[in-house]
Amino acid sequence: MMLEIKNLHATINGKEILKGVNLNINKGEVHAIMGPNGAGKSTLSSVLTGHPAYQVTEGEVWFNGKNLLEMSPEVRAREGIFLSFQYPVEIPGVSMVNFMRTAVNEKRAHMNLPQLSASDFLRLMREKKELVEMDNKLTNRSVNEGFSGGEKKRNEIFQMAMLEPQLSILDETDSGLDIDALRIVANGVNKLKTKDNASMVITHYQRLLDYIVPDFVHILYDGRIVKTGPKELALELEEKGYDWIKKQF
Amino acid sequence: MNEQNYIELYENHKEDICKHGDDLLNEHREDFFQRWRKTGFPNTQTELYRHCDLNKQLAIDYGLNLKQINMTQGNVPFQCAVPGIQSHLCFVINDTFVSTQESELPEGVILCSLRKATQQYPDIVKAYLTQLTKGSDDAFALFNGAFAQDGLFLYVPDNVQMERPIQLVNLMNAPIDFMANSHNLIVVGKNAKAQLVVCDHITGSKQYFSNRVTEVFVQEGAQYEHYKLESTGKNNTNVCALMVNQEKDSSFLGNIITLHNGTTRNNIDINLMGKGCNTNLCGMVIGDGHQTIDNTTRIVHKESDCNSNELFKYILNEQSTGVFNGMLKVMPDAQKTAANQTNRNILLTETAHIHTQPQLEIYADDVKCSHGATTGQLDEQALFYMQQRGIAQKEAKLLLMTAFVNDVIDNIHISSLQDKIRLLVDKRLRGEENKCQTCKACH
């Protein structure tokens with residue numbers, strides 16, 4: 001098993017958001033996490049990646065047999081967890097090239113691999129840019145600075161392609177995307193899918209799941225996964241609305 | 001020593017000071033002394049020194065070399081932090097000018113000690129010396145007028161474009177607690193071009209106090225660049241006045257970088273005397289420990305159609321203190337002025353302090369002036385974003401800090417110097433030694 005979440009409780013500023021999440025993810029699987037606003041979807045992604053604002057009060061998370069909660073955010077990333085941010089951060093003055101080179105080489109060092117040479121690195125950049133149809137001019141700029149909403153999301157998938165994570169968490173990757181951008185982003189994600197990696201797709205709407213087809217759909221409500229089903233569950237949810245879930249619990 | 005001690009020192013040794021001092025400085029010495037005697041040293045009640053209290057440093061019993069005994073003999077085990085920039089190199093060791101005279105200067109360029117210049121070219125020196133200091137009421141400029149005996153003299157004749165920069169290394173080195181006063185004079189002729197790199201360094205562990213004045217005259221159509229890099233130590237107090245007069249259509253670039261120091265006060269005064277001047281003044285500070293760095297700047301637009309742009313950035317860690325006083329004055333005749341002033345600061349700890357005071361006085365009505373001062377911490381969201389990509393927190397902070405000062409370093413127009421400073425800044429931010437390991441000279 002790649003990821004094993006057991007009875008995970010987490011708080012922010014003393015307020016409990018996750019109230020006992022249980023979830024298992026295996027290699028090669030795509031899991032969708034759906035749920036109404038405030039259910040704890042983004043909290044789950046923040047806790048898994050080690051955001052310092054959140055406190056885990058109970059439960060365990062195992063990633064490839066290692067205790068994830070004991071790792072710093074950067075070690076989790078190097079171990080293979082990637083978060084495509086709902087709101088990617090602009091970092092003026094830090095060039096995309098410098099940023100990516102540092103990230104790739106830190107990961108390689110963690111895996112006891114030699115640093116990439118400048119030419120190998122640029123070749124890798126070129127190759128991965130094509131995958132997400134990313135404009136050259138974007139990679140020549142500072143990280144996300146002045147990028148449109150769509151460009152930022154595309155840049156997230158580009159970084160994912162560069163870092164080749166084992167587990168990708170896509171947090172509301174569809175928000176703010178028009179239909180063309182959505183297709184490009186989803187295509188990128190699908191091309192990166194292998195039998196050895198897995199994705200957790202966090203989304204509010206069913207729309208993205210037309211493009212990234214999940215093996216499982218989980219409904220998160222009030223800090224717990226209250227329902228799990230096949231991909232058809234997403235359609236049912238779309239039809240009936242979240243009130244259907246709220247009434248049941 | 002207190003003020004009374006310095007008054008007695010001056011009165012008892014006036015003869016020696018003059019005997020070993022530059023003749024033209026001597027002409028004004030008594031006048032400066034009397035004016036300084038009236039004002040005395042500033043204290044925290046003095047508006048412009050409110051956050052820069054130097055009384056503790058002034059109380060130390062420094063030695064002064066009033067007889068100008070040669071203190072430069074013997075090998076000083078010293079290497080400048082930015083060697084290898086292909087410069088014409090000279091030193092002011094404590095208060096004595098030393099030229100290495102290794103390189104040939106372009107025809108007509110004079111680079112020598114002020115004392116020698118006064119003997120050989122009295123007419124040139126006389127036309128400029130103390131023209132800017134005599135209007136100053138800053139206590140340290142007045143004190144310098146009373147005690148300074150020598151310094152660097154640079155004259156670039158009309159239409160001479162110097163290709164290589166001049167590098168002045170101010171070095172404090174003495175076996176006792178020591179004070180040095182020096183006075184530099186720089187004249188860049190019409191349509192001439194010159195670059196000066198000033199490096200402030202120390203060796204040894206005594207307490208040092210240096211009080212340096214530089215007067216610069218940038219003539220019509222001339223271009224002058226002034227880089228000041230301070231990499232000294234906690235046992236050093238550095239008061240440094242840079243006074244610049246810009247004539248019509250001239251351009252000036254000043255870049256004031258403080259990496260290691262004890263207490264530093266930079267007084268930068270720029271007067272735009274003619275139309276069409278361009279002024280670009282910037283600087284950066286990286287402070288930790290108990291470093292104190294005060295940049296007090298004044299840009300005065302006296303004539304129309306001039307542009308000035310000012311940018312100062314501070315990164316302060318631990319208990320360090322930064323001060324930025326930025327006065328921008330637009331006089332009634334300075335219509336069509338475009339001026340911008342920016343001060344941005346990052347405090348890395350709760351115990352670091354920044355005092356920032358932008359001041360705009362505008363007496364003309366057709367101008368475009370803007371200013372902004374911000375103080376904050378490193379962007380937590382950006383840090384987490386980088387960590388999520390596998391970048392260690394320490395490295396992520398370094399990337400953010402490097403990015404923060406990047407635009408100041410971009411304003412170094414000598415590429416070899418820019419490379420060296422990038423390296424020094426990187427080492428500084430990593431908390432490493434300030435030695436430049438890339439060049440053989442340092443080993």
# chains A, B, ... in the order shown; residues from 1 in each chain; ligands from 1
>>> interface_residues(of="chain A", to="chain B", cutoff="7 Å", atoms="only C-alpha atoms", output="list in words")
Thr49, His51, Pro73, Glu74, Val75, Ala77, Arg78, Phe82, Val89, Ile91, Gly93, Val94, Thr102, Ala103, Glu106 and Lys107 of chain A
>>> write_last_selection(atoms="N, CA and C atoms", output="compact mmCIF listing (two decimals), in the first residue's frame")
# COMPACT_ATOMS: atom_id res chain seq x y z
N THR A 49 0.78 17.27 3.28
CA THR A 49 2.04 17.86 2.80
C THR A 49 2.80 18.58 3.92
N HIS A 51 1.78 21.28 6.04
CA HIS A 51 1.65 22.73 6.24
C HIS A 51 1.72 23.04 7.73
N PRO A 73 8.09 19.09 5.61
CA PRO A 73 7.42 19.22 4.31
C PRO A 73 8.35 18.88 3.14
N GLU A 74 9.63 19.32 3.23
CA GLU A 74 10.52 19.09 2.09
C GLU A 74 10.87 17.61 1.95
N VAL A 75 10.97 16.90 3.08
CA VAL A 75 11.28 15.47 2.98
C VAL A 75 10.08 14.71 2.40
N ALA A 77 8.07 15.86 0.26
CA ALA A 77 8.11 16.13 -1.18
C ALA A 77 9.15 15.24 -1.86
N ARG A 78 10.33 15.15 -1.24
CA ARG A 78 11.40 14.35 -1.84
C ARG A 78 11.07 12.85 -1.83
N PHE A 82 3.44 15.18 -4.02
CA PHE A 82 3.38 16.46 -4.73
C PHE A 82 1.98 17.05 -4.58
N VAL A 89 1.56 30.06 -5.49
CA VAL A 89 2.11 31.28 -4.92
C VAL A 89 3.05 31.96 -5.92
N ILE A 91 6.29 34.07 -6.66
CA ILE A 91 7.56 34.32 -5.97
C ILE A 91 8.42 35.24 -6.83
N GLY A 93 11.22 37.42 -8.36
CA GLY A 93 12.68 37.43 -8.23
C GLY A 93 13.31 36.04 -8.23
N VAL A 94 12.50 34.98 -8.03
CA VAL A 94 13.05 33.63 -8.10
C VAL A 94 12.66 33.05 -9.46
N THR A 102 16.81 23.73 -8.44
CA THR A 102 17.04 23.46 -7.02
C THR A 102 16.16 22.29 -6.56
N ALA A 103 14.88 22.32 -6.95
CA ALA A 103 13.94 21.29 -6.51
C ALA A 103 14.35 19.92 -7.05
N GLU A 106 17.53 18.69 -5.34
CA GLU A 106 17.34 18.30 -3.93
C GLU A 106 16.71 16.90 -3.88
N LYS A 107 15.78 16.67 -4.79
CA LYS A 107 15.13 15.36 -4.81
C LYS A 107 16.14 14.28 -5.21
>>> residues_around(residues="stretch 119-134 of chain A", least_positions_apart="5", cutoff="10 Å", atoms="only C-alpha atoms", output="PDB file with N, CA and C atoms, in the first residue's frame")
ATOM      1  N   VAL A  97      13.588  28.646 -13.689  1.00  0.00           N
ATOM      2  CA  VAL A  97      14.694  27.730 -13.960  1.00  0.00           C
ATOM      3  C   VAL A  97      15.458  27.421 -12.671  1.00  0.00           C
ATOM      4  N   MET A 100      13.257  25.313 -10.271  1.00  0.00           N
ATOM      5  CA  MET A 100      13.092  23.918 -10.669  1.00  0.00           C
ATOM      6  C   MET A 100      14.394  23.142 -10.544  1.00  0.00           C
ATOM      7  N   ARG A 101      15.505  23.827 -10.891  1.00  0.00           N
ATOM      8  CA  ARG A 101      16.794  23.142 -10.798  1.00  0.00           C
ATOM      9  C   ARG A 101      17.098  22.777  -9.340  1.00  0.00           C
ATOM     10  N   VAL A 104      14.643  19.861  -8.336  1.00  0.00           N
ATOM     11  CA  VAL A 104      14.995  18.572  -8.958  1.00  0.00           C
ATOM     12  C   VAL A 104      16.261  18.010  -8.312  1.00  0.00           C
ATOM     13  N   ASN A 105      17.247  18.879  -8.101  1.00  0.00           N
ATOM     14  CA  ASN A 105      18.507  18.380  -7.547  1.00  0.00           C
ATOM     15  C   ASN A 105      18.399  18.005  -6.071  1.00  0.00           C
ATOM     16  N   THR A 139       8.500  29.908 -18.563  1.00  0.00           N
ATOM     17  CA  THR A 139       9.601  29.337 -17.788  1.00  0.00           C
ATOM     18  C   THR A 139      10.780  30.298 -17.695  1.00  0.00           C
ATOM     19  N   GLU A 151      -2.520  29.757 -16.486  1.00  0.00           N
ATOM     20  CA  GLU A 151      -1.072  29.531 -16.604  1.00  0.00           C
ATOM     21  C   GLU A 151      -0.487  28.983 -15.314  1.00  0.00           C
ATOM     22  N   ARG A 154      -1.331  25.316 -15.100  1.00  0.00           N
ATOM     23  CA  ARG A 154      -0.520  24.587 -16.058  1.00  0.00           C
ATOM     24  C   ARG A 154       0.906  24.444 -15.524  1.00  0.00           C
ATOM     25  N   ASN A 155       1.354  25.507 -14.864  1.00  0.00           N
ATOM     26  CA  ASN A 155       2.702  25.479 -14.282  1.00  0.00           C
ATOM     27  C   ASN A 155       2.795  24.437 -13.165  1.00  0.00           C
ATOM     28  N   GLU A 156       1.703  24.251 -12.434  1.00  0.00           N
ATOM     29  CA  GLU A 156       1.700  23.219 -11.398  1.00  0.00           C
ATOM     30  C   GLU A 156       1.918  21.845 -12.020  1.00  0.00           C
ATOM     31  N   ILE A 157       1.205  21.601 -13.114  1.00  0.00           N
ATOM     32  CA  ILE A 157       1.320  20.283 -13.753  1.00  0.00           C
ATOM     33  C   ILE A 157       2.705  20.116 -14.383  1.00  0.00           C
ATOM     34  N   PHE A 158       3.248  21.237 -14.881  1.00  0.00           N
ATOM     35  CA  PHE A 158       4.615  21.202 -15.412  1.00  0.00           C
ATOM     36  C   PHE A 158       5.600  20.779 -14.317  1.00  0.00           C
ATOM     37  N   GLN A 159       5.445  21.373 -13.139  1.00  0.00           N
ATOM     38  CA  GLN A 159       6.345  21.029 -12.026  1.00  0.00           C
ATOM     39  C   GLN A 159       6.168  19.571 -11.616  1.00  0.00           C
ATOM     40  N   MET A 160       4.916  19.124 -11.680  1.00  0.00           N
ATOM     41  CA  MET A 160       4.628  17.731 -11.362  1.00  0.00           C
ATOM     42  C   MET A 160       5.358  16.823 -12.352  1.00  0.00           C
ATOM     43  N   ALA A 161       5.337  17.215 -13.611  1.00  0.00           N
ATOM     44  CA  ALA A 161       6.017  16.427 -14.638  1.00  0.00           C
ATOM     45  C   ALA A 161       7.523  16.401 -14.375  1.00  0.00           C
ATOM     46  N   MET A 162       8.061  17.537 -13.936  1.00  0.00           N
ATOM     47  CA  MET A 162       9.498  17.618 -13.668  1.00  0.00           C
ATOM     48  C   MET A 162       9.904  16.739 -12.486  1.00  0.00           C
ATOM     49  N   ALA A 181      -8.230  25.050 -21.216  1.00  0.00           N
ATOM     50  CA  ALA A 181      -7.144  24.911 -20.246  1.00  0.00           C
ATOM     51  C   ALA A 181      -7.354  23.641 -19.428  1.00  0.00           C
ATOM     52  N   ILE A 184      -6.159  20.684 -21.374  1.00  0.00           N
ATOM     53  CA  ILE A 184      -4.693  20.594 -21.438  1.00  0.00           C
ATOM     54  C   ILE A 184      -4.125  20.083 -20.118  1.00  0.00           C
ATOM     55  N   VAL A 185      -4.643  20.638 -19.022  1.00  0.00           N
ATOM     56  CA  VAL A 185      -4.158  20.240 -17.698  1.00  0.00           C
ATOM     57  C   VAL A 185      -4.463  18.761 -17.454  1.00  0.00           C
ATOM     58  N   ALA A 186      -5.709  18.371 -17.778  1.00  0.00           N
ATOM     59  CA  ALA A 186      -6.114  16.978 -17.552  1.00  0.00           C
ATOM     60  C   ALA A 186      -5.298  16.028 -18.427  1.00  0.00           C
ATOM     61  N   ASN A 187      -5.043  16.430 -19.663  1.00  0.00           N
ATOM     62  CA  ASN A 187      -4.200  15.626 -20.554  1.00  0.00           C
ATOM     63  C   ASN A 187      -2.830  15.410 -19.965  1.00  0.00           C
ATOM     64  N   GLY A 188      -2.287  16.485 -19.430  1.00  0.00           N
ATOM     65  CA  GLY A 188      -0.968  16.407 -18.799  1.00  0.00           C
ATOM     66  C   GLY A 188      -0.986  15.392 -17.674  1.00  0.00           C
ATOM     67  N   VAL A 189      -1.996  15.484 -16.821  1.00  0.00           N
ATOM     68  CA  VAL A 189      -2.102  14.562 -15.691  1.00  0.00           C
ATOM     69  C   VAL A 189      -2.211  13.118 -16.190  1.00  0.00           C
ATOM     70  N   LYS A 191      -1.220  11.845 -19.029  1.00  0.00           N
ATOM     71  CA  LYS A 191       0.022  11.367 -19.646  1.00  0.00           C
ATOM     72  C   LYS A 191       1.051  10.965 -18.589  1.00  0.00           C
ATOM     73  N   LEU A 192       0.962  11.606 -17.417  1.00  0.00           N
ATOM     74  CA  LEU A 192       1.941  11.325 -16.363  1.00  0.00           C
ATOM     75  C   LEU A 192       1.577  10.091 -15.555  1.00  0.00           C
TER      76      LEU A 192
END
>>> closest_residue(among="A:Leu44, A:Ala118, A:Val201, A:Met34", to="A:Asn22", atoms="only C-alpha atoms")
A:Leu44
>>> select_by_dssp(residues="stretch 10-241 of chain A", states="helix (DSSP H, G or I)", output="ChimeraX atom specification")
/A:41-49,68-70,73-79,96-110,118-131,136-139,149-163,179-192,207-210,232-240
>>> residues_around(residues="B:Val408", least_positions_apart="6", cutoff="8 Å", atoms="only C-alpha atoms", output="PDB file with N, CA and C atoms, in the first residue's frame")
ATOM      1  N   ASN B 255      25.726  53.056  -5.435  1.00  0.00           N
ATOM      2  CA  ASN B 255      25.244  51.784  -4.901  1.00  0.00           C
ATOM      3  C   ASN B 255      26.013  51.492  -3.617  1.00  0.00           C
ATOM      4  N   CYS B 282      21.058  53.594  -5.007  1.00  0.00           N
ATOM      5  CA  CYS B 282      20.473  52.431  -4.356  1.00  0.00           C
ATOM      6  C   CYS B 282      21.447  51.837  -3.348  1.00  0.00           C
ATOM      7  N   GLY B 283      20.955  50.876  -2.624  1.00  0.00           N
ATOM      8  CA  GLY B 283      21.808  50.279  -1.614  1.00  0.00           C
ATOM      9  C   GLY B 283      21.129  49.103  -0.959  1.00  0.00           C
ATOM     10  N   MET B 284      21.936  48.311  -0.293  1.00  0.00           N
ATOM     11  CA  MET B 284      21.373  47.189   0.441  1.00  0.00           C
ATOM     12  C   MET B 284      22.177  46.960   1.715  1.00  0.00           C
ATOM     13  N   LEU B 311      16.486  53.441  -4.265  1.00  0.00           N
ATOM     14  CA  LEU B 311      16.028  52.120  -3.836  1.00  0.00           C
ATOM     15  C   LEU B 311      16.966  51.575  -2.761  1.00  0.00           C
ATOM     16  N   PHE B 312      16.453  51.379  -1.569  1.00  0.00           N
ATOM     17  CA  PHE B 312      17.265  50.801  -0.495  1.00  0.00           C
ATOM     18  C   PHE B 312      16.560  49.593   0.096  1.00  0.00           C
ATOM     19  N   LYS B 313      17.309  48.503   0.266  1.00  0.00           N
ATOM     20  CA  LYS B 313      16.724  47.279   0.814  1.00  0.00           C
ATOM     21  C   LYS B 313      17.552  46.765   1.988  1.00  0.00           C
TER      22      LYS B 313
END
>>> select_by_dssp(residues="stretch 28-233 of chain A", states="strand (DSSP E or B)", output="NGL selection string")
:A and (30-34 or 54-63 or 66-67 or 81-84 or 91-95 or 142-143 or 167-171 or 198-203 or 216-221 or 224-229)
>>> atom_distance(atom1="atom CA of A:Ile25", atom2="atom CA of A:Ala198")
7.5 Å
>>> residues_around(residues="B:Ile60", least_positions_apart="5", cutoff="10 Å", atoms="only C-alpha atoms", output="JSON, numbers by chain")
{"B": [1, 2, 55, 177, 178, 179, 207, 208, 209]}
>>> write_last_selection(atoms="C-alpha atoms", output="compact mmCIF listing (two decimals), in the first residue's frame")
# COMPACT_ATOMS: atom_id res chain seq x y z
CA MET B 1 37.10 60.90 24.44
CA ASN B 2 34.48 63.54 24.92
CA ASN B 55 28.26 58.39 21.80
CA ASP B 177 42.22 51.87 19.20
CA PHE B 178 42.34 54.27 16.32
CA MET B 179 40.48 57.07 14.58
CA GLN B 207 38.34 49.55 18.06
CA TYR B 208 38.29 51.73 14.97
CA PHE B 209 36.46 54.91 14.10
>>> residues_around(residues="stretch 202-205 of chain A", least_positions_apart="6", cutoff="9 Å", atoms="only C-alpha atoms", output="list of chain:residue names")
A:His31, A:Ala32, A:Ile33, A:Met34, A:Gly35, A:Pro36, A:Asn37, A:Lys41, A:Ser42, A:Ser45, A:Ile169, A:Leu170, A:Asp171, A:Glu172, A:Thr173, A:Asp174, A:Ser175, A:Ala234, A:Glu238
>>> closest_residue(among="A:Leu18, A:Leu233, A:Met71, A:Met200", to="A:Leu220", atoms="only C-alpha atoms")
A:Leu18
